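Enquirer: Just one file: my_file20.cif, with mmCIF, C-alpha atoms.
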data_structure
#
loop_
_atom_site.label_atom_id
_atom_site.label_comp_id
_atom_site.auth_asym_id
_atom_site.auth_seq_id
_atom_site.Cartn_x
_atom_site.Cartn_y
_atom_site.Cartn_z
CA MET A 1 -64.12 40.02 0.49
CA SER A 2 -61.39 37.53 1.12
CA GLU A 3 -58.30 37.49 -1.04
CA VAL A 4 -58.17 34.87 -3.77
CA GLY A 5 -55.20 32.50 -3.65
CA PRO A 6 -53.71 29.71 -1.55
CA PRO A 7 -54.11 30.16 2.16
CA ASP A 8 -50.99 30.87 4.10
CA VAL A 9 -50.64 27.65 6.07
CA GLY A 10 -47.99 27.00 8.71
CA PRO A 11 -45.10 28.98 10.04
CA PRO A 12 -42.42 30.40 7.79
CA ASP A 13 -39.45 28.18 6.86
CA SER A 14 -37.02 30.19 8.90
CA GLU A 15 -38.60 28.90 12.13
CA PHE A 16 -39.53 25.28 11.48
CA GLY A 17 -38.95 24.28 7.88
CA PRO A 18 -35.79 23.10 6.19
CA PRO A 19 -33.29 25.87 5.56
CA ASP A 20 -32.58 26.95 2.03
CA PHE A 21 -29.15 25.70 1.00
CA LYS A 22 -27.19 27.90 -1.26
CA SER A 23 -24.72 25.94 -3.29
CA THR A 24 -21.27 27.44 -3.27
CA ASP A 25 -20.07 25.27 -6.17
CA THR A 26 -17.80 27.10 -8.50
CA ALA A 27 -17.54 26.40 -12.20
CA ALA A 28 -14.29 24.54 -11.50
CA GLN A 29 -16.03 22.26 -9.00
CA ALA A 30 -18.85 21.53 -11.42
CA LYS A 31 -16.31 20.72 -14.11
CA ALA A 32 -14.38 18.46 -11.72
CA ARG A 33 -17.59 16.62 -10.83
CA ARG A 34 -18.45 16.13 -14.50
CA TRP A 35 -15.00 14.68 -15.23
CA ARG A 36 -15.30 12.40 -12.21
CA SER A 37 -18.62 11.09 -13.48
CA ILE A 38 -17.09 10.44 -16.89
CA ALA A 39 -14.12 8.66 -15.29
CA ILE A 40 -16.47 6.43 -13.25
CA ALA A 41 -18.43 5.57 -16.38
CA VAL A 42 -15.24 4.73 -18.30
CA ALA A 43 -13.94 2.62 -15.38
CA LEU A 44 -17.20 0.69 -15.25
CA GLY A 45 -17.05 0.12 -18.99
CA VAL A 46 -13.46 -1.13 -18.74
CA PHE A 47 -14.46 -3.44 -15.89
CA VAL A 48 -17.28 -4.97 -17.93
CA ILE A 49 -14.96 -5.48 -20.91
CA LEU A 50 -12.30 -7.04 -18.65
CA VAL A 51 -14.80 -9.46 -17.13
CA PHE A 52 -15.94 -10.43 -20.62
CA ILE A 53 -12.41 -11.01 -21.96
CA VAL A 54 -11.30 -12.88 -18.82
CA THR A 55 -14.36 -15.13 -19.06
CA ILE A 56 -13.59 -15.89 -22.71
CA ALA A 57 -9.91 -16.55 -21.89
CA ARG A 58 -10.86 -18.93 -19.08
CA MET A 59 -13.47 -20.71 -21.22
CA LYS A 60 -10.95 -21.11 -24.02
CA GLY A 61 -8.59 -22.89 -21.62
CA HIS A 62 -11.29 -25.24 -20.41
CA VAL A 63 -12.49 -25.97 -23.92
CA ALA A 64 -8.88 -26.80 -24.89
CA ASP A 65 -8.73 -29.23 -21.94
CA ILE A 66 -11.69 -31.25 -23.21
CA GLY A 67 -10.49 -34.42 -24.86
CA PHE A 68 -12.22 -36.08 -27.78
CA MET B 69 -35.50 32.75 5.40
CA THR B 70 -32.15 31.47 6.63
CA ASP B 71 -29.35 30.96 4.17
CA VAL B 72 -27.00 28.16 5.09
CA ALA B 73 -23.85 28.07 3.03
CA VAL B 74 -22.47 24.66 2.32
CA PRO B 75 -18.78 24.72 3.17
CA ALA B 76 -16.79 24.60 -0.01
CA ALA B 77 -13.93 22.16 -0.38
CA ALA B 78 -10.42 23.63 -0.26
CA ALA B 79 -10.11 23.07 -4.00
CA PRO B 80 -11.85 20.76 -6.45
CA ALA B 81 -10.30 17.29 -6.49
CA ARG B 82 -8.12 16.61 -9.51
CA TRP B 83 -7.57 13.19 -11.01
CA GLN B 84 -4.07 13.26 -9.53
CA ASP B 85 -5.63 13.34 -6.06
CA TYR B 86 -7.41 10.06 -6.69
CA VAL B 87 -4.19 8.56 -8.04
CA GLN B 88 -2.41 9.76 -4.88
CA LEU B 89 -5.03 7.99 -2.76
CA LEU B 90 -3.87 4.71 -4.31
CA LYS B 91 -0.27 5.25 -3.10
CA PRO B 92 1.36 4.60 -6.49
CA ARG B 93 4.90 4.19 -5.08
CA VAL B 94 3.80 1.45 -2.69
CA MET B 95 1.76 -0.02 -5.54
CA SER B 96 4.84 -0.25 -7.78
CA LEU B 97 6.75 -2.26 -5.15
CA VAL B 98 3.75 -4.55 -4.64
CA VAL B 99 3.46 -5.13 -8.39
CA PHE B 100 7.15 -5.96 -8.60
CA THR B 101 7.12 -8.49 -5.72
CA ALA B 102 3.84 -10.05 -6.88
CA ALA B 103 5.23 -10.48 -10.40
CA THR B 104 8.29 -12.16 -8.88
CA GLY B 105 6.08 -14.68 -7.09
CA LEU B 106 4.15 -15.30 -10.28
CA VAL B 107 7.32 -15.87 -12.32
CA CYS B 108 8.97 -18.04 -9.66
CA ALA B 109 5.97 -20.40 -9.61
CA ARG B 110 7.29 -21.80 -12.92
CA THR B 111 3.74 -22.67 -13.97
CA PRO B 112 2.67 -22.07 -17.58
CA MET B 113 -0.05 -19.44 -17.56
CA ASN B 114 -2.06 -17.55 -20.15
CA PRO B 115 -0.05 -14.27 -20.46
CA PHE B 116 -3.22 -12.19 -20.52
CA LEU B 117 -4.49 -13.79 -17.30
CA ALA B 118 -1.04 -13.29 -15.73
CA VAL B 119 -1.22 -9.56 -16.53
CA ILE B 120 -4.77 -9.42 -15.14
CA ALA B 121 -3.60 -11.17 -11.93
CA VAL B 122 -0.84 -8.61 -11.38
CA PHE B 123 -3.29 -5.83 -12.26
CA CYS B 124 -5.72 -7.13 -9.61
CA ILE B 125 -2.96 -7.16 -7.00
CA ALA B 126 -2.03 -3.59 -7.97
CA VAL B 127 -5.64 -2.43 -7.69
CA GLY B 128 -5.97 -4.28 -4.37
CA ALA B 129 -2.88 -2.45 -3.11
CA GLY B 130 -4.41 0.82 -4.30
CA ALA B 131 -7.65 0.01 -2.48
CA SER B 132 -5.68 -0.60 0.73
CA GLY B 133 -3.98 2.76 0.25
CA ALA B 134 -7.30 4.58 -0.23
CA LEU B 135 -8.78 2.91 2.86
CA ASN B 136 -5.63 3.74 4.82
CA MET B 137 -5.79 7.41 3.80
CA GLY B 138 -9.48 7.53 4.66
CA PHE B 139 -9.07 5.97 8.11
CA ASP B 140 -5.85 7.87 8.91
CA SER B 141 -6.96 11.33 7.79
CA ASP B 142 -7.03 12.55 11.40
CA ILE B 143 -3.39 11.71 12.14
CA ASP B 144 -2.21 12.44 8.59
CA GLY B 145 -3.30 16.05 9.08
CA LEU B 146 -0.98 16.34 12.08
CA MET B 147 2.17 15.09 10.39
CA ARG B 148 4.33 17.24 8.14
CA ARG B 149 5.08 14.29 5.83
CA THR B 150 1.40 13.48 5.23
CA LYS B 151 -0.60 16.65 5.79
CA SER B 152 -0.71 17.49 2.08
CA ARG B 153 -2.42 14.19 1.25
CA PRO B 154 -5.77 14.67 -0.51
CA VAL B 155 -8.01 13.95 2.50
CA PRO B 156 -6.34 16.01 5.25
CA ALA B 157 -5.76 18.80 2.69
CA GLY B 158 -9.52 18.88 2.07
CA ARG B 159 -9.38 18.09 -1.66
CA VAL B 160 -11.11 14.72 -1.29
CA GLN B 161 -13.82 13.86 1.23
CA ARG B 162 -12.94 11.14 3.74
CA SER B 163 -16.10 9.22 2.77
CA ASP B 164 -15.09 9.38 -0.91
CA ALA B 165 -11.67 7.90 -0.12
CA LEU B 166 -13.27 5.07 1.88
CA ALA B 167 -15.86 4.42 -0.85
CA LEU B 168 -13.15 4.27 -3.48
CA GLY B 169 -11.22 1.80 -1.30
CA VAL B 170 -14.23 -0.49 -0.79
CA ILE B 171 -15.23 -0.44 -4.47
CA LEU B 172 -11.69 -1.15 -5.69
CA SER B 173 -11.35 -3.96 -3.11
CA LEU B 174 -14.50 -5.66 -4.43
CA PHE B 175 -13.39 -5.05 -8.00
CA SER B 176 -9.89 -6.51 -7.52
CA VAL B 177 -10.91 -9.55 -5.46
CA GLY B 178 -13.83 -10.38 -7.77
CA LEU B 179 -11.76 -10.11 -10.93
CA MET B 180 -8.92 -12.11 -9.35
CA ALA B 181 -11.32 -14.95 -8.50
CA LEU B 182 -12.64 -14.91 -12.05
CA ALA B 183 -9.23 -14.70 -13.74
CA THR B 184 -7.23 -17.12 -11.55
CA ASN B 185 -8.49 -19.03 -8.53
CA LEU B 186 -10.20 -18.64 -5.16
CA LEU B 187 -6.96 -19.13 -3.20
CA ALA B 188 -5.35 -16.10 -4.83
CA ALA B 189 -8.56 -14.06 -4.46
CA GLY B 190 -8.89 -15.07 -0.79
CA LEU B 191 -5.27 -14.14 -0.06
CA LEU B 192 -5.79 -10.78 -1.79
CA ALA B 193 -8.93 -10.10 0.26
CA PHE B 194 -7.10 -11.06 3.47
CA THR B 195 -4.19 -8.76 2.59
CA ILE B 196 -6.47 -5.77 2.00
CA PHE B 197 -8.36 -6.48 5.23
CA PHE B 198 -5.13 -6.94 7.21
CA TYR B 199 -3.63 -3.66 5.98
CA ALA B 200 -6.76 -1.51 6.15
CA VAL B 201 -8.31 -2.84 9.35
CA VAL B 202 -5.78 -4.81 11.44
CA TYR B 203 -2.80 -2.53 10.72
CA THR B 204 -4.34 0.88 10.08
CA LEU B 205 -7.16 0.87 12.59
CA TRP B 206 -5.60 -1.23 15.32
CA LEU B 207 -1.87 -2.00 15.33
CA LYS B 208 -0.64 1.37 14.05
CA ARG B 209 -2.21 3.26 16.92
CA SER B 210 -1.72 0.75 19.71
CA THR B 211 1.70 -0.90 19.71
CA SER B 212 5.33 -0.09 18.95
CA GLN B 213 5.47 -3.39 17.07
CA ASN B 214 2.91 -1.99 14.58
CA ILE B 215 5.07 -2.24 11.49
CA VAL B 216 6.51 -5.62 12.50
CA ILE B 217 3.13 -7.38 12.56
CA GLY B 218 1.54 -5.06 10.00
CA GLY B 219 4.42 -5.82 7.64
CA LEU B 220 2.65 -9.07 6.80
CA ALA B 221 0.32 -7.14 4.48
CA GLY B 222 3.25 -5.86 2.44
CA ALA B 223 4.90 -9.28 2.48
CA LEU B 224 2.00 -11.27 1.03
CA PRO B 225 1.95 -10.09 -2.64
CA PRO B 226 4.56 -12.67 -3.84
CA VAL B 227 2.44 -15.42 -2.24
CA ILE B 228 -0.64 -14.07 -4.02
CA GLY B 229 1.26 -13.99 -7.31
CA TRP B 230 2.47 -17.55 -6.77
CA ALA B 231 -1.05 -18.72 -5.90
CA ALA B 232 -2.47 -16.96 -8.96
CA ALA B 233 -0.09 -18.87 -11.23
CA SER B 234 -0.14 -22.31 -9.64
CA GLY B 235 -3.13 -22.47 -7.30
CA THR B 236 -0.78 -23.46 -4.45
CA THR B 237 1.47 -21.72 -1.93
CA PRO B 238 4.55 -23.89 -1.38
CA LEU B 239 7.31 -23.18 1.14
CA ASN B 240 9.35 -21.16 -1.37
CA ALA B 241 6.42 -18.74 -1.79
CA TRP B 242 6.32 -18.21 1.98
CA LEU B 243 10.10 -17.77 1.96
CA LEU B 244 9.68 -14.72 -0.32
CA CYS B 245 6.99 -13.52 2.09
CA ALA B 246 9.37 -14.01 5.05
CA ILE B 247 12.13 -12.02 3.33
CA ILE B 248 9.85 -8.98 2.92
CA PHE B 249 8.41 -9.50 6.41
CA PHE B 250 11.85 -9.33 8.08
CA TRP B 251 13.03 -6.58 5.72
CA THR B 252 10.16 -4.27 6.73
CA PRO B 253 11.22 -3.39 10.34
CA PRO B 254 14.77 -2.18 9.57
CA HIS B 255 13.42 -0.34 6.51
CA PHE B 256 10.66 1.55 8.34
CA TRP B 257 12.49 2.03 11.62
CA ALA B 258 15.39 3.64 9.73
CA LEU B 259 12.83 6.03 8.22
CA SER B 260 11.15 6.63 11.57
CA LEU B 261 14.46 7.60 13.17
CA TYR B 262 14.35 10.82 11.21
CA THR B 263 10.60 11.32 11.12
CA GLN B 264 9.84 10.38 14.73
CA GLU B 265 8.88 13.92 15.68
CA ASP B 266 5.96 13.63 13.24
CA TYR B 267 4.83 10.35 14.78
CA ALA B 268 5.19 11.75 18.31
CA LYS B 269 3.07 14.74 17.38
CA ALA B 270 0.33 12.49 15.98
CA GLY B 271 0.51 10.05 18.91
CA VAL B 272 1.57 7.10 16.75
CA PRO B 273 3.62 4.74 18.95
CA MET B 274 6.50 4.08 16.58
CA LEU B 275 9.46 2.35 18.20
CA PRO B 276 11.74 5.42 18.46
CA VAL B 277 8.91 7.37 20.09
CA VAL B 278 8.13 4.65 22.64
CA LYS B 279 11.52 3.00 23.33
CA GLY B 280 13.90 5.71 22.17
CA ALA B 281 16.38 6.03 19.33
CA ALA B 282 19.13 3.84 20.88
CA ALA B 283 16.78 0.86 21.34
CA THR B 284 15.53 1.34 17.76
CA ARG B 285 19.08 1.33 16.36
CA ARG B 286 19.79 -1.93 18.23
CA ALA B 287 16.54 -3.48 16.94
CA ILE B 288 17.45 -2.42 13.37
CA LEU B 289 20.82 -4.15 13.74
CA GLY B 290 19.17 -7.36 14.99
CA TYR B 291 16.67 -7.47 12.14
CA SER B 292 19.38 -6.59 9.61
CA VAL B 293 21.40 -9.65 10.62
CA VAL B 294 18.25 -11.80 10.32
CA ILE B 295 17.34 -10.43 6.85
CA ALA B 296 20.91 -10.81 5.59
CA MET B 297 20.90 -14.49 6.64
CA LEU B 298 17.36 -15.13 5.44
CA GLY B 299 18.18 -13.55 2.09
CA LEU B 300 20.63 -16.38 1.41
CA VAL B 301 18.14 -19.18 2.08
CA PRO B 302 16.40 -19.17 -1.37
CA ALA B 303 19.74 -20.23 -2.84
CA LEU B 304 19.50 -23.39 -0.71
CA THR B 305 15.87 -24.24 -1.41
CA GLY B 306 15.92 -24.47 -5.18
CA LEU B 307 14.59 -20.95 -5.72
CA GLY B 308 17.68 -18.81 -6.39
CA GLY B 309 20.68 -19.41 -8.61
CA LEU B 310 24.24 -18.08 -8.68
CA LEU B 311 23.21 -14.53 -9.62
CA TYR B 312 20.76 -14.42 -6.73
CA PHE B 313 23.32 -15.87 -4.33
CA GLY B 314 25.85 -13.20 -5.33
CA PHE B 315 23.38 -10.36 -4.82
CA ALA B 316 22.12 -11.79 -1.53
CA GLY B 317 25.64 -12.34 -0.17
CA LEU B 318 27.04 -8.94 -1.15
CA GLY B 319 23.83 -7.06 -0.37
CA GLY B 320 23.47 -8.77 3.00
CA ALA B 321 27.04 -7.86 3.96
CA ILE B 322 26.48 -4.19 3.06
CA PHE B 323 23.12 -4.24 4.88
CA ILE B 324 24.79 -5.45 8.09
CA ALA B 325 27.68 -2.99 7.72
CA LEU B 326 25.27 -0.05 7.34
CA ALA B 327 23.24 -1.30 10.30
CA PHE B 328 26.41 -1.47 12.43
CA ARG B 329 27.28 2.09 11.43
CA LEU B 330 23.77 3.18 12.29
CA ALA B 331 23.90 1.39 15.66
CA ALA B 332 27.13 3.21 16.50
CA SER B 333 25.72 6.58 15.39
CA LYS B 334 23.52 9.05 17.19
CA ALA B 335 20.79 8.95 14.53
CA GLY B 336 17.43 9.81 16.02
CA ASP B 337 18.91 11.27 19.22
CA ILE B 338 17.76 14.74 20.03
CA PRO B 339 20.92 16.87 20.08
CA ALA B 340 21.80 18.75 23.24
CA GLY B 341 20.47 22.25 23.01
CA ALA B 342 17.89 21.44 20.37
CA THR B 343 15.19 24.03 20.40
CA GLY B 344 12.72 22.66 17.90
CA LEU B 345 10.97 19.36 17.50
CA TYR B 346 12.52 18.89 14.06
CA ASP B 347 16.16 19.34 15.17
CA VAL B 348 16.32 15.55 15.55
CA LYS B 349 17.04 15.34 11.82
CA ALA B 350 20.56 16.64 12.34
CA ASN B 351 21.98 13.13 12.96
CA ALA B 352 19.94 11.31 10.37
CA LYS B 353 22.56 10.56 7.70
CA ASP B 354 23.25 6.96 8.72
CA ALA B 355 19.53 6.23 9.03
CA ARG B 356 18.90 7.69 5.58
CA ASN B 357 21.69 5.57 4.10
CA LEU B 358 20.25 2.35 5.50
CA PHE B 359 16.72 3.32 4.44
CA ALA B 360 17.83 3.98 0.86
CA PHE B 361 20.00 0.85 0.67
CA SER B 362 17.22 -1.37 2.02
CA ILE B 363 15.08 -0.48 -1.02
CA LEU B 364 17.95 -1.26 -3.40
CA TYR B 365 18.66 -4.54 -1.58
CA LEU B 366 15.11 -5.86 -1.87
CA PHE B 367 14.87 -4.72 -5.48
CA CYS B 368 18.11 -6.53 -6.41
CA LEU B 369 17.08 -9.80 -4.70
CA PHE B 370 13.73 -9.99 -6.49
CA ALA B 371 15.12 -8.69 -9.79
CA ALA B 372 17.76 -11.42 -9.66
CA LEU B 373 15.07 -14.08 -9.25
CA ILE B 374 13.14 -12.73 -12.25
CA ALA B 375 16.30 -12.35 -14.35
CA GLU B 376 17.36 -15.95 -13.63
CA ARG B 377 14.02 -17.25 -14.87
CA PHE B 378 14.25 -15.31 -18.13
CA ILE B 379 17.97 -15.93 -18.72
CA GLY B 380 17.50 -19.58 -17.87
CA LEU B 381 20.02 -19.75 -15.02
CA PRO B 382 19.36 -22.87 -13.00
CA PRO B 383 18.86 -22.80 -9.22
CA LEU B 384 21.95 -23.60 -7.12
CA VAL B 385 20.19 -26.57 -5.51
CA GLY B 386 17.78 -29.02 -7.10
#
The structure in this file should be written as structure tokens.
Expert:
Amino acid sequence: MSEVGPPDVGPPDSEFGPPDFKSTDTAAQAKARRWRSIAIAVALGVFVILVFIVTIARMKGHVADIGF
Amino acid sequence: MTDVAVPAAAAPARWQDYVQLLKPRVMSLVVFTAATGLVCARTPMNPFLAVIAVFCIAVGAGASGALNMGFDSDIDGLMRRTKSRPVPAGRVQRSDALALGVILSLFSVGLMALATNLLAAGLLAFTIFFYAVVYTLWLKRSTSQNIVIGGLAGALPPVIGWAAASGTTPLNAWLLCAIIFFWTPPHFWALSLYTQEDYAKAGVPMLPVVKGAAATRRAILGYSVVIAMLGLVPALTGLGGLLYFGFAGLGGAIFIALAFRLAASKAGDIPAGATGLYDVKANAKDARNLFAFSILYLFCLFAALIAERFIGLPPLVG
């Protein structure tokens, strides 16, 4: 009787496969990464708002230049 | 199974590290000179757009700083003055510093084009490129005239400010640029006279390292005479008034006097019997004095120009 289950195909990882990475992140590093992500999101939001306000300010100037 | 540990960073990066990448002290000087150019243009401008223009120049300067720290991390790690910077200290990855620099460059140039005009945006892009690539990657490591030519990057902000306000760059804008350009060599060479051991260790060909301290002191004196004379010119071109002329005349005289004292000193010479690389600092007092005064001199000249605009003092000529 053969054993039931997936056949053991290929050599073990240690010889040919990708090595298993063990993350050495500490809680402090994870926290720092989270804050960095939040900061990037806030910066992007500020950038979008700035572009919007600048566009309005420029348009307002051009509209004021139009003579009737 | 093989366990491969990913090397941990020296310490997690703090927000202060990213601020440090932007070289805030350099940024403050850039903001000040750019604002001077903007004010001197005497062109009515939407105050909000004027603030945005100066903000873009500040962010562009910060981007240059981040790119500089990314590209220079190898030599920064060798110098006592710079080894605690975020990249050589291992708190920020070199690729992160470079990415931050590129993103902020795109951000600042794009917003500048949108808020003001393409001339100002183009000048800002050129300044970032000149500082990060031409100066940092090429001039700094290859010639003793590195800070002379590279000084153009630090000299351009008033021209950018002027262009942002008026869409043009007249001769007076380039005069402000020339003042900073000729101010840069005596300022940085005075500093390098007492930090030359760092530069020598890192293989950076600063003038005192390549030509020696005596030749550097003579070069400082020559440039100091030029900057003192050049500082007076705005009073003759319709840019500066009486207040400016007074500051430029008195400041220029003190600048030359300090440069003469430095030329006659032994600043930067390695004392006889010195045992350590850092003993060269023993004679640095005159170099430190000129370095400190050069900052005050430039600040007073540009502050006088801004003050005259707000007080309403007319230019001496025109």
Enquirer: Could you list, with a cut-off of 8 Å and counting all atoms listed in the file, the residues of stretch 85-196 of chain B near stretch 43-61 of chain A, each shown with its nearest atom pair and the distance in Å rounded to one decimal, rows sorted by chain and ascending number, as a Markdown table?
Expert:
| residue | atom | partner | partner_atom | distance |
| --- | --- | --- | --- | --- |
| B:Leu117 | CA | A:Val54 | CA | 7.0 |
| B:Leu179 | CA | A:Val51 | CA | 6.9 |
| B:Leu182 | CA | A:Val54 | CA | 7.2 |
| B:Ala183 | CA | A:Val54 | CA | 5.8 |
Enquirer: Could the residues in this selection be saved with C-alpha atoms as an mmCIF file, in the frame of the given file?
Expert:
data_model
loop_
_atom_site.group_PDB
_atom_site.id
_atom_site.type_symbol
_atom_site.label_atom_id
_atom_site.label_comp_id
_atom_site.auth_asym_id
_atom_site.auth_seq_id
_atom_site.Cartn_x
_atom_site.Cartn_y
_atom_site.Cartn_z
ATOM 1 C CA LEU B 117 -4.490 -13.790 -17.300
ATOM 2 C CA LEU B 179 -11.760 -10.110 -10.930
ATOM 3 C CA LEU B 182 -12.640 -14.910 -12.050
ATOM 4 C CA ALA B 183 -9.230 -14.700 -13.740
#
Enquirer: Hey, what comes out of the PyMOL selection byres ((chain B and resi 121) around 12) on this file? Could you write it as a PyMOL selection string?
Expert: (chain A and resi 50+54) or (chain B and resi 99+102-103+105-107+113-120+122-128+176-185+188-189+192+225-226+228-234)
Enquirer: Measure the distance from atom CA of B:Pro154 to atom CA of B:Pro92 in Å and round it to one decimal.
Expert: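 Taking atom CA of B:Pro154 and atom CA of B:Pro92, their separation equals 13.7 Å.
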Enquirer: Could you jot down the atom CA of B:Trp242 to atom CA of B:Arg356 separation for me, Å, one decimal place?
Expert: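 Taking atom CA of B:Trp242 as the start and atom CA of B:Arg356 as the end point, the length is 29.0 Å.
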Enquirer: Just want the 8 Å neighbourhood of stretch 292-299 of chain B, counted on only C-alpha atoms, with same-chain residues fewer than 3 positions away dropped. Output as a ChimeraX atom specification.
Expert: /B:247,250-251,254,288-289,302,316-317,319-321,323-324,327,369
Enquirer: If the PyMOL selection byres ((chain B and resi 255) around 9) were run on this exact file, what residues would it hold? Put them as number ranges by chain.
Expert: B: 251-254, 256-260, 288, 358-363
Enquirer: Expressed in Å to a single decimal, how great is the separation between atom CA of B:Leu89 and atom CA of B:Gly130?
Expert: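 These two atoms are separated by 7.4 Å.
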Enquirer: For B:Ala270, list every protein, DNA or RNA residue within 12 Å, evaluated using all atoms listed in the file, and leave out those in the same chain fewer than 5 positions away; present the list as number ranges by chain.
Expert: B: 140-151, 208-209, 263-265, 277
